[in-house]
Amino acid sequence: MTDTPRGTAATTDASPDQSATDSPTIFHDLHAFVAEPRITGLFLAPAGDRLVAARTELNTKRNGYVTALWELPHSSRRSRGHRSASDAGQSPRRLTRGVDGEALAGFTAHGDLLFTAKRDTGDDEHTDETTLFLLPRGGGEAVVVARRHGGFASLSIARDSGRIALTSAIHPRAADDEDDRALASERRETKTSAILHTGHPVRYWDHDLGPARDQVLIAEPLDPTDPDPRLDLRRLTSFGPAERLGEVVISPDGGTVYADVSRTLHGTTSRSRIVAIDADSGEVRTLAAQDDHNLGLAALSPDGSVLLLSRSTVASDTRPLAMELVKADLETGELTPAYTGFTNWPSDVRIAPDNTTAYFTADLEGHGAIHRLDLGSGTVTVLTEDVRHYSALALDERSGQLIALADAIDAPPLPVRCDPATGEISPIPCGIEAPAVPGSLTEVTATAEDGTPLRAWLCLPERAGATEPAPLLLWIHGGPFGSWNSWTWRWNPWTATARGYAVLLPDPAISTGYGQEMIDRGWDQLGGSPYDDIMLLTRATLERDDIDETRKAALGGSYGGYMANWIAGRTGDFFDCIVTHASLWALDQFRGTTDTASHWAAHLSDEHNAKYNPADGIDAITAPMLVIHGDKDYRVPIGEGLRLWFELLTAADQDPEDNPHRFLYFPDENHWILSPNNSVIWYETVYTFVDRHVRGIEAKMPRLLG
């Protein structure tokens, strides 16, 4: 919980002109904001009788986050949108208390909880290994059931047989598990970090790939009566250096493991296919593969007879990314569309026990929704018609109820129950309440030149009005496949409204939730129609009498940072300043250095870059820029930020004391600023920079920056 209770007077780090009449909230105190506990995962046992949440909060030193597992009140009765009698009087119950936190792995066939953690178990030989623990459903101490120096990437449990499939990193040259451990130990003790690659990619997100590769391990069911249970892990696969193992799911009878495997075909070109692995012999059979699509696991039915896959196009500069669900024949691998006429991108797919219905989540016109899919007719129906966004969807098979995390622009993710018969939503007690936001939420709409309807969220501070118009911050989402439709802890607009700013959150071309046509219209022109849409919505917002059209700034991260850079080189002094985080600057450089180069090298052709390269506008930049980048960012590598910073200073050609630009550098952060105190520094620096150039307030930069 926060140090300062809500409703209590507190010292605030909000802007100097923040009025004492505003209601104090956690958003006025950034240290309280980053300390707010949050639900980051939700897990339902296959039997539907246990619901566990991952709850993340500050550690005891208040310099990092830890995650603990909590059991939530849950009934499998059909409640028609109301709490059942069995839920009444129950409270969330904490299950784990590891100093470094835990991650949920899953439930055994008997309902016991399996989770991973790095803990001191009194065994010096295994201090560097990730441990898999079993916590009996009836209570008691967690016991060690397996250890791996390569960790555990995923786990799937056969609901009928109880057989367990895990994935773990193994050195390709290791003769056996003992040799694998010895190789890892020797590399660690000799401080050997070199990796020899034969293909691409060589790293992902914020970590290096190799030399070990994920493989599938199999273990027989645990005996619930054994006082000292242990998993005997048997290696099932030997995927080579050119293959990368993705999602894994084991069939209910434990006989087959399905997995998606990405394989490099030639050069940097790769395709993701679906394989079926015999859980006894280890024989790998390609179940489904297509030259012009990538395939991924979406859902396996409870009886194992229906397999749904995600199918996405292999995109290029002229072929947009598109995604759909398909049904796979388990014998022939033949693929058939699961629906027709639906073009938003599905996720969190769950199949009902009768195999006639599936449920999934998808973005929908500035919010999100749970959808129902009739597997016979292919008809998709929107189940929830509200402004919430849904994730972590699960299906209680005994009652037919759906469980999910629900959030919105103005509400963080909290667990809810959904009655699929009515779409009615009811909360599930989790020990956390949504904080009150300092302001109000409304929408701005416009019409693009091609007739496309456009919309944006507008977060307004409490005092904004015709007599006291608010300065405007334009926030541009990343992706570019994304939408401002959900809560965010990293770019939270209410930290800005607490300081008196209005925040515009536009969904331009290439935003998700508006059908495939919205993706298509901006695909081959990253700086074209998306830029036009953003500026059109911005100008519409500036016409409001509660917005001060003379004071405004533009901010964006990732693709939003690309757009911030593009705007900086094309709008002169229209904006008082620009904040660009983890941004694309030189597209010819970026497309070959990002960890997803196989995609972006095809998307960002020479012809495209000749028209839409932000670096070409360097000499036209006049607005002060705050450049932010993390050194562990492999999605948009640090070279982008370094080159932008060098070229900004070169173009400005000023004495450092007169230079209006700033560079905020995080040596140990990735594409996202995740540690709590670095997050505070991020917000403080951004708002100090914006205050200086938008409001003319000469506030000092954070003290810890020196």
# chains A, B, ... in the order shown; residues from 1 in each chain; ligands from 1
call {"tool": "select_by_dssp", "arguments": {"residues": "stretch 164-315 of chain A", "states": "alpha helix (DSSP H)", "output": "mmCIF file with all heavy atoms, in the first residue's frame"}}
result
data_model
loop_
_atom_site.group_PDB
_atom_site.id
_atom_site.type_symbol
_atom_site.label_atom_id
_atom_site.label_comp_id
_atom_site.auth_asym_id
_atom_site.auth_seq_id
_atom_site.Cartn_x
_atom_site.Cartn_y
_atom_site.Cartn_z
ATOM 1 N N ASP A 177 22.263 -34.060 -18.818
ATOM 2 C CA ASP A 177 21.928 -32.973 -17.902
ATOM 3 C C ASP A 177 23.127 -32.594 -17.035
ATOM 4 O O ASP A 177 23.362 -31.412 -16.762
ATOM 5 C CB ASP A 177 20.742 -33.374 -17.028
ATOM 6 C CG ASP A 177 20.160 -32.190 -16.287
ATOM 7 O OD1 ASP A 177 19.761 -31.212 -16.946
ATOM 8 O OD2 ASP A 177 20.118 -32.226 -15.038
ATOM 9 N N GLU A 178 23.891 -33.594 -16.607
ATOM 10 C CA GLU A 178 25.061 -33.308 -15.788
ATOM 11 C C GLU A 178 26.091 -32.509 -16.572
ATOM 12 O O GLU A 178 26.694 -31.554 -16.061
ATOM 13 C CB GLU A 178 25.671 -34.619 -15.286
ATOM 14 C CG GLU A 178 26.848 -34.420 -14.349
ATOM 15 C CD GLU A 178 27.395 -35.730 -13.811
ATOM 16 O OE1 GLU A 178 26.696 -36.765 -13.960
ATOM 17 O OE2 GLU A 178 28.510 -35.732 -13.260
ATOM 18 N N ASP A 179 26.301 -32.869 -17.827
ATOM 19 C CA ASP A 179 27.240 -32.143 -18.680
ATOM 20 C C ASP A 179 26.734 -30.731 -18.951
ATOM 21 O O ASP A 179 27.523 -29.775 -19.006
ATOM 22 C CB ASP A 179 27.433 -32.896 -19.996
ATOM 23 C CG ASP A 179 28.541 -32.310 -20.861
ATOM 24 O OD1 ASP A 179 29.521 -31.794 -20.288
ATOM 25 O OD2 ASP A 179 28.423 -32.358 -22.098
ATOM 26 N N ASP A 180 25.424 -30.595 -19.091
ATOM 27 C CA ASP A 180 24.823 -29.284 -19.320
ATOM 28 C C ASP A 180 25.082 -28.366 -18.131
ATOM 29 O O ASP A 180 25.463 -27.197 -18.291
ATOM 30 C CB ASP A 180 23.317 -29.457 -19.555
ATOM 31 C CG ASP A 180 22.645 -28.158 -19.948
ATOM 32 O OD1 ASP A 180 23.228 -27.402 -20.741
ATOM 33 O OD2 ASP A 180 21.532 -27.896 -19.452
ATOM 34 N N ARG A 181 24.892 -28.895 -16.920
ATOM 35 C CA ARG A 181 25.139 -28.114 -15.708
ATOM 36 C C ARG A 181 26.625 -27.753 -15.605
ATOM 37 O O ARG A 181 26.970 -26.631 -15.213
ATOM 38 C CB ARG A 181 24.684 -28.893 -14.482
ATOM 39 C CG ARG A 181 24.908 -28.120 -13.174
ATOM 40 C CD ARG A 181 24.427 -28.898 -11.960
ATOM 41 N NE ARG A 181 22.968 -28.870 -11.884
ATOM 42 C CZ ARG A 181 22.183 -29.930 -12.114
ATOM 43 N NH1 ARG A 181 22.732 -31.093 -12.437
ATOM 44 N NH2 ARG A 181 20.878 -29.825 -12.021
ATOM 45 N N ALA A 182 27.495 -28.681 -15.970
ATOM 46 C CA ALA A 182 28.934 -28.422 -15.895
ATOM 47 C C ALA A 182 29.356 -27.326 -16.871
ATOM 48 O O ALA A 182 30.181 -26.461 -16.542
ATOM 49 C CB ALA A 182 29.707 -29.713 -16.172
ATOM 50 N N LEU A 183 28.776 -27.344 -18.082
ATOM 51 C CA LEU A 183 29.076 -26.295 -19.063
ATOM 52 C C LEU A 183 28.663 -24.926 -18.540
ATOM 53 O O LEU A 183 29.418 -23.947 -18.640
ATOM 54 C CB LEU A 183 28.348 -26.597 -20.377
ATOM 55 C CG LEU A 183 29.066 -27.478 -21.391
ATOM 56 C CD1 LEU A 183 28.103 -27.878 -22.508
ATOM 57 C CD2 LEU A 183 30.264 -26.741 -21.970
ATOM 58 N N ALA A 184 27.451 -24.856 -17.990
ATOM 59 C CA ALA A 184 26.956 -23.582 -17.466
ATOM 60 C C ALA A 184 27.820 -23.109 -16.305
ATOM 61 O O ALA A 184 28.144 -21.914 -16.195
ATOM 62 C CB ALA A 184 25.504 -23.734 -17.025
ATOM 63 N N SER A 185 28.220 -24.038 -15.446
ATOM 64 C CA SER A 185 29.039 -23.682 -14.292
ATOM 65 C C SER A 185 30.414 -23.181 -14.733
ATOM 66 O O SER A 185 30.930 -22.186 -14.210
ATOM 67 C CB SER A 185 29.184 -24.896 -13.370
ATOM 68 O OG SER A 185 30.037 -24.602 -12.288
ATOM 69 N N GLU A 186 31.007 -23.851 -15.735
ATOM 70 C CA GLU A 186 32.334 -23.442 -16.205
ATOM 71 C C GLU A 186 32.293 -22.071 -16.869
ATOM 72 O O GLU A 186 33.202 -21.248 -16.670
ATOM 73 C CB GLU A 186 32.895 -24.484 -17.170
ATOM 74 C CG GLU A 186 34.325 -24.204 -17.594
ATOM 75 C CD GLU A 186 34.912 -25.304 -18.456
ATOM 76 O OE1 GLU A 186 34.236 -26.339 -18.655
ATOM 77 O OE2 GLU A 186 36.045 -25.122 -18.943
ATOM 78 N N ARG A 187 31.275 -21.810 -17.642
ATOM 79 C CA ARG A 187 31.142 -20.487 -18.262
ATOM 80 C C ARG A 187 31.020 -19.409 -17.182
ATOM 81 O O ARG A 187 31.614 -18.338 -17.293
ATOM 82 C CB ARG A 187 29.922 -20.438 -19.198
ATOM 83 C CG ARG A 187 30.123 -21.128 -20.533
ATOM 84 C CD ARG A 187 28.855 -21.031 -21.395
ATOM 85 N NE ARG A 187 28.492 -19.663 -21.702
ATOM 86 C CZ ARG A 187 28.930 -18.969 -22.757
ATOM 87 N NH1 ARG A 187 29.791 -19.530 -23.601
ATOM 88 N NH2 ARG A 187 28.534 -17.730 -22.968
ATOM 89 N N ARG A 188 30.240 -19.702 -16.149
ATOM 90 C CA ARG A 188 30.031 -18.724 -15.082
ATOM 91 C C ARG A 188 31.312 -18.484 -14.296
ATOM 92 O O ARG A 188 31.698 -17.341 -14.034
ATOM 93 C CB ARG A 188 28.908 -19.211 -14.167
ATOM 94 C CG ARG A 188 28.558 -18.252 -13.041
ATOM 95 C CD ARG A 188 27.322 -18.709 -12.291
ATOM 96 N NE ARG A 188 27.509 -20.039 -11.703
ATOM 97 C CZ ARG A 188 26.925 -21.136 -12.134
ATOM 98 N NH1 ARG A 188 26.119 -21.091 -13.183
ATOM 99 N NH2 ARG A 188 27.127 -22.297 -11.535
ATOM 100 N N GLU A 189 32.009 -19.567 -13.920
ATOM 101 C CA GLU A 189 33.193 -19.441 -13.078
ATOM 102 C C GLU A 189 34.372 -18.828 -13.825
ATOM 103 O O GLU A 189 35.199 -18.129 -13.231
ATOM 104 C CB GLU A 189 33.570 -20.815 -12.531
ATOM 105 C CG GLU A 189 32.550 -21.345 -11.523
ATOM 106 C CD GLU A 189 32.849 -22.775 -11.096
ATOM 107 O OE1 GLU A 189 33.885 -23.320 -11.566
ATOM 108 O OE2 GLU A 189 32.067 -23.340 -10.315
#
call {"tool": "residues_around", "arguments": {"residues": "stretch 512-520 of chain A", "least_positions_apart": "3", "cutoff": "10 Å", "atoms": "only C-alpha atoms", "output": "VMD selection string"}}
result
chain A and resid 318 to 323 341 to 346 362 to 369 452 to 454 479 to 485 507 to 509 523 to 525 530
call {"tool": "write_last_selection", "arguments": {"atoms": "N, CA and C atoms", "output": "CSV table (one decimal), in the first residue's frame"}}
result
chain,number,residue,atom,x,y,z
A,318,THR,N,4.6,-3.6,-48.6
A,318,THR,CA,3.3,-3.5,-49.3
A,318,THR,C,2.2,-4.4,-48.8
A,319,ARG,N,2.6,-5.4,-47.9
A,319,ARG,CA,1.6,-6.3,-47.4
A,319,ARG,C,1.5,-6.1,-45.9
A,320,PRO,N,0.4,-5.5,-45.4
A,320,PRO,CA,0.2,-5.2,-44.0
A,320,PRO,C,0.1,-6.5,-43.1
A,321,LEU,N,0.5,-6.3,-41.9
A,321,LEU,CA,0.3,-7.4,-40.9
A,321,LEU,C,-1.2,-7.6,-40.6
A,322,ALA,N,-1.6,-8.8,-40.7
A,322,ALA,CA,-3.0,-9.1,-40.4
A,322,ALA,C,-3.0,-10.4,-39.6
A,323,MET,N,-4.0,-10.6,-38.7
A,323,MET,CA,-4.0,-11.8,-37.8
A,323,MET,C,-5.5,-12.3,-37.7
A,341,GLY,N,-15.5,-12.3,-41.6
A,341,GLY,CA,-16.0,-11.0,-41.4
A,341,GLY,C,-15.6,-10.3,-40.2
A,342,PHE,N,-14.6,-10.9,-39.4
A,342,PHE,CA,-14.1,-10.3,-38.2
A,342,PHE,C,-12.6,-10.0,-38.4
A,343,THR,N,-12.2,-8.7,-38.3
A,343,THR,CA,-10.8,-8.4,-38.6
A,343,THR,C,-10.0,-7.8,-37.5
A,344,ASN,N,-10.5,-7.7,-36.3
A,344,ASN,CA,-9.7,-7.2,-35.2
A,344,ASN,C,-8.9,-8.4,-34.7
A,345,TRP,N,-7.8,-8.2,-34.0
A,345,TRP,CA,-6.8,-9.2,-33.6
A,345,TRP,C,-7.2,-9.8,-32.3
A,346,PRO,N,-7.4,-11.2,-32.3
A,346,PRO,CA,-7.8,-11.9,-31.1
A,346,PRO,C,-6.6,-12.3,-30.2
A,362,ALA,N,-10.3,-8.8,-27.5
A,362,ALA,CA,-9.8,-8.1,-28.7
A,362,ALA,C,-10.0,-6.6,-28.4
A,363,ASP,N,-9.1,-5.8,-29.0
A,363,ASP,CA,-9.3,-4.3,-28.9
A,363,ASP,C,-10.6,-4.0,-29.7
A,364,LEU,N,-11.3,-2.9,-29.2
A,364,LEU,CA,-12.5,-2.6,-29.9
A,364,LEU,C,-12.8,-1.1,-29.7
A,365,GLU,N,-12.5,-0.3,-30.8
A,365,GLU,CA,-12.8,1.1,-30.9
A,365,GLU,C,-12.5,1.9,-29.6
A,366,GLY,N,-11.3,1.9,-29.2
A,366,GLY,CA,-10.9,2.7,-28.0
A,366,GLY,C,-11.1,2.1,-26.7
A,367,HIS,N,-11.6,0.8,-26.7
A,367,HIS,CA,-11.6,0.1,-25.4
A,367,HIS,C,-11.3,-1.4,-25.8
A,368,GLY,N,-11.9,-2.3,-25.1
A,368,GLY,CA,-11.7,-3.7,-25.4
A,368,GLY,C,-13.0,-4.5,-25.2
A,369,ALA,N,-13.0,-5.8,-25.4
A,369,ALA,CA,-14.2,-6.5,-25.2
A,369,ALA,C,-13.9,-8.0,-25.2
A,452,THR,N,-12.5,8.4,-42.9
A,452,THR,CA,-12.3,7.5,-41.8
A,452,THR,C,-12.7,8.3,-40.5
A,453,PRO,N,-13.6,7.8,-39.7
A,453,PRO,CA,-13.8,8.4,-38.4
A,453,PRO,C,-12.7,8.2,-37.4
A,454,LEU,N,-12.3,9.2,-36.7
A,454,LEU,CA,-11.1,9.2,-35.8
A,454,LEU,C,-11.6,9.5,-34.4
A,479,GLY,N,3.9,0.9,-30.8
A,479,GLY,CA,3.4,-0.2,-31.6
A,479,GLY,C,4.2,-0.5,-32.9
A,480,PRO,N,3.7,0.1,-34.0
A,480,PRO,CA,2.6,1.0,-34.1
A,480,PRO,C,1.2,0.4,-33.9
A,481,PHE,N,1.2,-1.0,-33.8
A,481,PHE,CA,0.0,-1.7,-33.7
A,481,PHE,C,-0.5,-1.6,-32.2
A,482,GLY,N,-1.3,-0.7,-31.9
A,482,GLY,CA,-1.8,-0.6,-30.5
A,482,GLY,C,-2.9,0.4,-30.4
A,483,SER,N,-3.3,0.7,-29.2
A,483,SER,CA,-4.5,1.6,-29.0
A,483,SER,C,-4.4,2.1,-27.6
A,484,TRP,N,-4.8,3.4,-27.4
A,484,TRP,CA,-4.9,4.0,-26.1
A,484,TRP,C,-6.3,3.5,-25.5
A,485,ASN,N,-6.3,2.3,-25.0
A,485,ASN,CA,-7.6,1.8,-24.5
A,485,ASN,C,-7.6,1.1,-23.2
A,507,ASP,N,-5.9,7.7,-31.3
A,507,ASP,CA,-5.7,6.4,-32.0
A,507,ASP,C,-5.7,6.7,-33.5
A,508,PRO,N,-4.6,6.9,-34.1
A,508,PRO,CA,-4.5,7.2,-35.6
A,508,PRO,C,-4.4,5.9,-36.4
A,509,ALA,N,-4.2,6.1,-37.7
A,509,ALA,CA,-4.0,4.9,-38.6
A,509,ALA,C,-3.0,4.0,-38.0
A,523,TRP,N,-0.1,1.6,-43.3
A,523,TRP,CA,0.9,0.6,-43.2
A,523,TRP,C,2.2,1.1,-44.0
A,524,ASP,N,2.0,1.5,-45.2
A,524,ASP,CA,3.1,1.9,-46.1
A,524,ASP,C,3.5,3.3,-46.0
A,525,GLN,N,3.1,4.0,-44.9
A,525,GLN,CA,3.4,5.4,-44.8
A,525,GLN,C,3.4,5.8,-43.3
A,530,PRO,N,-0.9,8.3,-40.4
A,530,PRO,CA,-0.9,8.4,-38.9
A,530,PRO,C,-0.6,9.8,-38.4
call {"tool": "closest_residue", "arguments": {"among": "A:Trp475, A:Phe575, A:Phe239, A:Trp494", "to": "A:Thr25", "atoms": "only C-alpha atoms"}}
result
A:Trp494
call {"tool": "residues_around", "arguments": {"residues": "A:Asp631", "least_positions_apart": "3", "cutoff": "9 Å", "atoms": "only C-alpha atoms", "output": "list in words"}}
result
Asp206, Tyr634, Pro637, Ile638, Gly639, Tyr665, Phe666, Pro667, Asp668, Glu669, Asn670 and His671 of chain A
call {"tool": "write_last_selection", "arguments": {"atoms": "N, CA, C and O atoms", "output": "PDB file, in the first residue's frame"}}
result
ATOM      1  N   ASP A 206      15.672  -7.624 -24.130  1.00  0.00           N
ATOM      2  CA  ASP A 206      16.738  -7.046 -23.314  1.00  0.00           C
ATOM      3  C   ASP A 206      17.770  -8.087 -22.885  1.00  0.00           C
ATOM      4  O   ASP A 206      18.538  -7.873 -21.944  1.00  0.00           O
ATOM      5  N   TYR A 634      16.812  -3.578 -26.745  1.00  0.00           N
ATOM      6  CA  TYR A 634      17.200  -4.235 -27.990  1.00  0.00           C
ATOM      7  C   TYR A 634      16.096  -4.150 -29.039  1.00  0.00           C
ATOM      8  O   TYR A 634      16.333  -4.463 -30.205  1.00  0.00           O
ATOM      9  N   PRO A 637      17.315  -0.174 -30.466  1.00  0.00           N
ATOM     10  CA  PRO A 637      18.631  -0.129 -29.822  1.00  0.00           C
ATOM     11  C   PRO A 637      19.099   1.280 -29.490  1.00  0.00           C
ATOM     12  O   PRO A 637      18.697   2.268 -30.116  1.00  0.00           O
ATOM     13  N   ILE A 638      19.967   1.352 -28.499  1.00  0.00           N
ATOM     14  CA  ILE A 638      20.467   2.617 -27.978  1.00  0.00           C
ATOM     15  C   ILE A 638      21.122   3.464 -29.067  1.00  0.00           C
ATOM     16  O   ILE A 638      21.172   4.699 -28.959  1.00  0.00           O
ATOM     17  N   GLY A 639      21.585   2.836 -30.139  1.00  0.00           N
ATOM     18  CA  GLY A 639      22.185   3.593 -31.239  1.00  0.00           C
ATOM     19  C   GLY A 639      21.249   4.626 -31.819  1.00  0.00           C
ATOM     20  O   GLY A 639      21.700   5.671 -32.318  1.00  0.00           O
ATOM     21  N   TYR A 665      19.428   9.239 -19.878  1.00  0.00           N
ATOM     22  CA  TYR A 665      19.977   7.925 -20.241  1.00  0.00           C
ATOM     23  C   TYR A 665      19.856   6.972 -19.060  1.00  0.00           C
ATOM     24  O   TYR A 665      20.186   7.324 -17.919  1.00  0.00           O
ATOM     25  N   PHE A 666      19.363   5.750 -19.317  1.00  0.00           N
ATOM     26  CA  PHE A 666      19.234   4.717 -18.289  1.00  0.00           C
ATOM     27  C   PHE A 666      20.125   3.528 -18.677  1.00  0.00           C
ATOM     28  O   PHE A 666      19.765   2.745 -19.561  1.00  0.00           O
ATOM     29  N   PRO A 667      21.285   3.359 -18.029  1.00  0.00           N
ATOM     30  CA  PRO A 667      22.208   2.279 -18.414  1.00  0.00           C
ATOM     31  C   PRO A 667      21.644   0.873 -18.217  1.00  0.00           C
ATOM     32  O   PRO A 667      22.081  -0.060 -18.896  1.00  0.00           O
ATOM     33  N   ASP A 668      20.691   0.696 -17.286  1.00  0.00           N
ATOM     34  CA  ASP A 668      20.242  -0.655 -16.942  1.00  0.00           C
ATOM     35  C   ASP A 668      18.755  -0.892 -17.201  1.00  0.00           C
ATOM     36  O   ASP A 668      18.190  -1.863 -16.694  1.00  0.00           O
ATOM     37  N   GLU A 669      18.113  -0.056 -17.995  1.00  0.00           N
ATOM     38  CA  GLU A 669      16.706  -0.256 -18.328  1.00  0.00           C
ATOM     39  C   GLU A 669      16.572  -0.676 -19.783  1.00  0.00           C
ATOM     40  O   GLU A 669      17.456  -0.409 -20.608  1.00  0.00           O
ATOM     41  N   ASN A 670      15.454  -1.322 -20.107  1.00  0.00           N
ATOM     42  CA  ASN A 670      15.237  -1.766 -21.476  1.00  0.00           C
ATOM     43  C   ASN A 670      14.301  -0.813 -22.222  1.00  0.00           C
ATOM     44  O   ASN A 670      14.358   0.400 -22.019  1.00  0.00           O
ATOM     45  N   HIS A 671      13.456  -1.348 -23.079  1.00  0.00           N
ATOM     46  CA  HIS A 671      12.525  -0.525 -23.852  1.00  0.00           C
ATOM     47  C   HIS A 671      11.554   0.206 -22.925  1.00  0.00           C
ATOM     48  O   HIS A 671      11.001   1.239 -23.282  1.00  0.00           O
TER      49      HIS A 671
END
call {"tool": "closest_atom_pairs", "arguments": {"of": "stretch 309-392 of chain A", "to": "stretch 410-428 of chain A", "cutoff": "8 Å", "atoms": "only C-alpha atoms", "output": "JSON lines"}}
result
{"residue": "A:Leu383", "atom": "CA", "partner": "A:Gly423", "partner_atom": "CA", "distance": 5.3}
{"residue": "A:Thr384", "atom": "CA", "partner": "A:Gly423", "partner_atom": "CA", "distance": 5.2}
{"residue": "A:Glu385", "atom": "CA", "partner": "A:Gly423", "partner_atom": "CA", "distance": 7.7}
call {"tool": "residues_around", "arguments": {"residues": "A:Thr622", "least_positions_apart": "3", "cutoff": "12 Å", "atoms": "only C-alpha atoms", "output": "CSV table (one decimal) with N, CA, C and O atoms, in the first residue's frame"}}
result
chain,number,residue,atom,x,y,z
A,565,ASN,N,9.6,12.4,-33.2
A,565,ASN,CA,10.7,12.8,-34.0
A,565,ASN,C,10.2,13.4,-35.3
A,565,ASN,O,10.7,14.4,-35.8
A,567,ILE,N,7.2,14.6,-36.0
A,567,ILE,CA,6.6,15.9,-35.7
A,567,ILE,C,7.6,17.0,-35.5
A,567,ILE,O,7.4,18.1,-36.0
A,568,ALA,N,8.7,16.7,-34.8
A,568,ALA,CA,9.7,17.7,-34.4
A,568,ALA,C,10.3,18.3,-35.7
A,568,ALA,O,10.6,19.5,-35.7
A,569,GLY,N,10.4,17.5,-36.7
A,569,GLY,CA,11.0,18.0,-38.0
A,569,GLY,C,10.1,18.6,-39.0
A,569,GLY,O,10.5,19.0,-40.0
A,570,ARG,N,8.8,18.6,-38.6
A,570,ARG,CA,7.8,19.1,-39.6
A,570,ARG,C,6.8,20.1,-39.0
A,570,ARG,O,5.9,20.6,-39.8
A,571,THR,N,6.9,20.5,-37.8
A,571,THR,CA,5.9,21.4,-37.2
A,571,THR,C,6.5,22.7,-36.7
A,571,THR,O,5.8,23.5,-36.1
A,572,GLY,N,7.9,22.8,-36.8
A,572,GLY,CA,8.5,24.1,-36.3
A,572,GLY,C,8.3,24.3,-34.9
A,572,GLY,O,8.5,23.4,-34.0
A,573,ASP,N,7.8,25.5,-34.5
A,573,ASP,CA,7.5,25.8,-33.1
A,573,ASP,C,6.0,25.6,-32.7
A,573,ASP,O,5.6,26.2,-31.8
A,574,PHE,N,5.3,24.8,-33.5
A,574,PHE,CA,3.9,24.5,-33.2
A,574,PHE,C,3.8,24.0,-31.7
A,574,PHE,O,2.9,24.4,-31.0
A,575,PHE,N,4.7,23.0,-31.4
A,575,PHE,CA,4.7,22.5,-30.0
A,575,PHE,C,5.9,23.2,-29.3
A,575,PHE,O,6.9,23.5,-29.8
A,576,ASP,N,5.6,23.5,-28.0
A,576,ASP,CA,6.6,24.2,-27.2
A,576,ASP,C,7.9,23.3,-26.9
A,576,ASP,O,8.9,23.9,-26.7
A,577,CYS,N,7.7,22.0,-26.9
A,577,CYS,CA,8.8,21.1,-26.7
A,577,CYS,C,8.3,19.7,-27.1
A,577,CYS,O,7.1,19.4,-27.3
A,578,ILE,N,9.3,18.8,-27.3
A,578,ILE,CA,9.0,17.4,-27.7
A,578,ILE,C,9.8,16.5,-26.7
A,578,ILE,O,10.9,16.7,-26.4
A,617,GLY,N,14.7,15.2,-41.2
A,617,GLY,CA,14.2,16.5,-40.8
A,617,GLY,C,15.0,17.2,-39.7
A,617,GLY,O,14.6,18.1,-39.1
A,618,ILE,N,16.3,16.7,-39.5
A,618,ILE,CA,17.1,17.2,-38.4
A,618,ILE,C,17.3,18.7,-38.5
A,618,ILE,O,17.2,19.5,-37.5
A,619,ASP,N,17.5,19.3,-39.7
A,619,ASP,CA,17.8,20.7,-39.8
A,619,ASP,C,16.5,21.6,-39.6
A,619,ASP,O,16.7,22.8,-39.4
A,625,MET,N,14.1,19.4,-27.4
A,625,MET,CA,13.7,18.0,-27.3
A,625,MET,C,14.4,17.3,-26.1
A,625,MET,O,15.5,17.6,-25.8
A,648,LEU,N,21.3,16.1,-33.0
A,648,LEU,CA,20.6,17.3,-32.4
A,648,LEU,C,21.7,18.4,-32.0
A,648,LEU,O,21.5,19.6,-32.3
A,649,LEU,N,22.7,17.9,-31.3
A,649,LEU,CA,23.7,18.8,-30.8
A,649,LEU,C,24.5,19.4,-32.0
A,649,LEU,O,24.9,20.6,-32.0
A,651,ALA,N,23.4,19.9,-35.1
A,651,ALA,CA,22.5,20.9,-35.8
A,651,ALA,C,22.4,22.1,-35.0
A,651,ALA,O,22.3,23.2,-35.5
A,652,ALA,N,22.3,22.0,-33.6
A,652,ALA,CA,22.1,23.2,-32.8
A,652,ALA,C,23.3,24.1,-32.8
A,652,ALA,O,23.2,25.3,-32.8
A,659,ASN,N,22.3,25.1,-24.7
A,659,ASN,CA,21.6,24.1,-25.4
A,659,ASN,C,20.2,23.8,-24.7
A,659,ASN,O,20.2,23.4,-23.6
A,660,PRO,N,19.1,23.9,-25.5
A,660,PRO,CA,17.8,23.6,-24.9
A,660,PRO,C,17.4,22.1,-24.8
A,660,PRO,O,16.5,21.8,-24.1
A,661,HIS,N,18.2,21.3,-25.5
A,661,HIS,CA,17.9,19.8,-25.6
A,661,HIS,C,18.5,19.1,-24.3
A,661,HIS,O,19.5,19.6,-23.7
call {"tool": "residues_around", "arguments": {"residues": "A:Ala699", "least_positions_apart": "6", "cutoff": "8 Å", "atoms": "only C-alpha atoms", "output": "VMD selection string"}}
result
chain A and resid 688 691 to 692
call {"tool": "residues_around", "arguments": {"residues": "A:Phe33", "least_positions_apart": "2", "cutoff": "10 Å", "atoms": "only C-alpha atoms", "output": "ChimeraX atom specification"}}
result
/A:1-3,25-31,35-37,435,489,492,495,676,679-680
call {"tool": "residues_around", "arguments": {"residues": "A:Thr40", "least_positions_apart": "2", "cutoff": "8 Å", "atoms": "only C-alpha atoms", "output": "VMD selection string"}}
result
chain A and resid 38 42 53 to 56 413
call {"tool": "atom_distance", "arguments": {"atom1": "atom CA of A:His74", "atom2": "atom CA of A:Gly48"}}
result
8.6 Å
call {"tool": "select_by_dssp", "arguments": {"residues": "stretch 466-687 of chain A", "states": "strand (DSSP E or B)", "output": "number ranges by chain"}}
result
A: 468, 470-476, 482, 502-507, 511, 547-557, 577-581, 625-630, 662-666
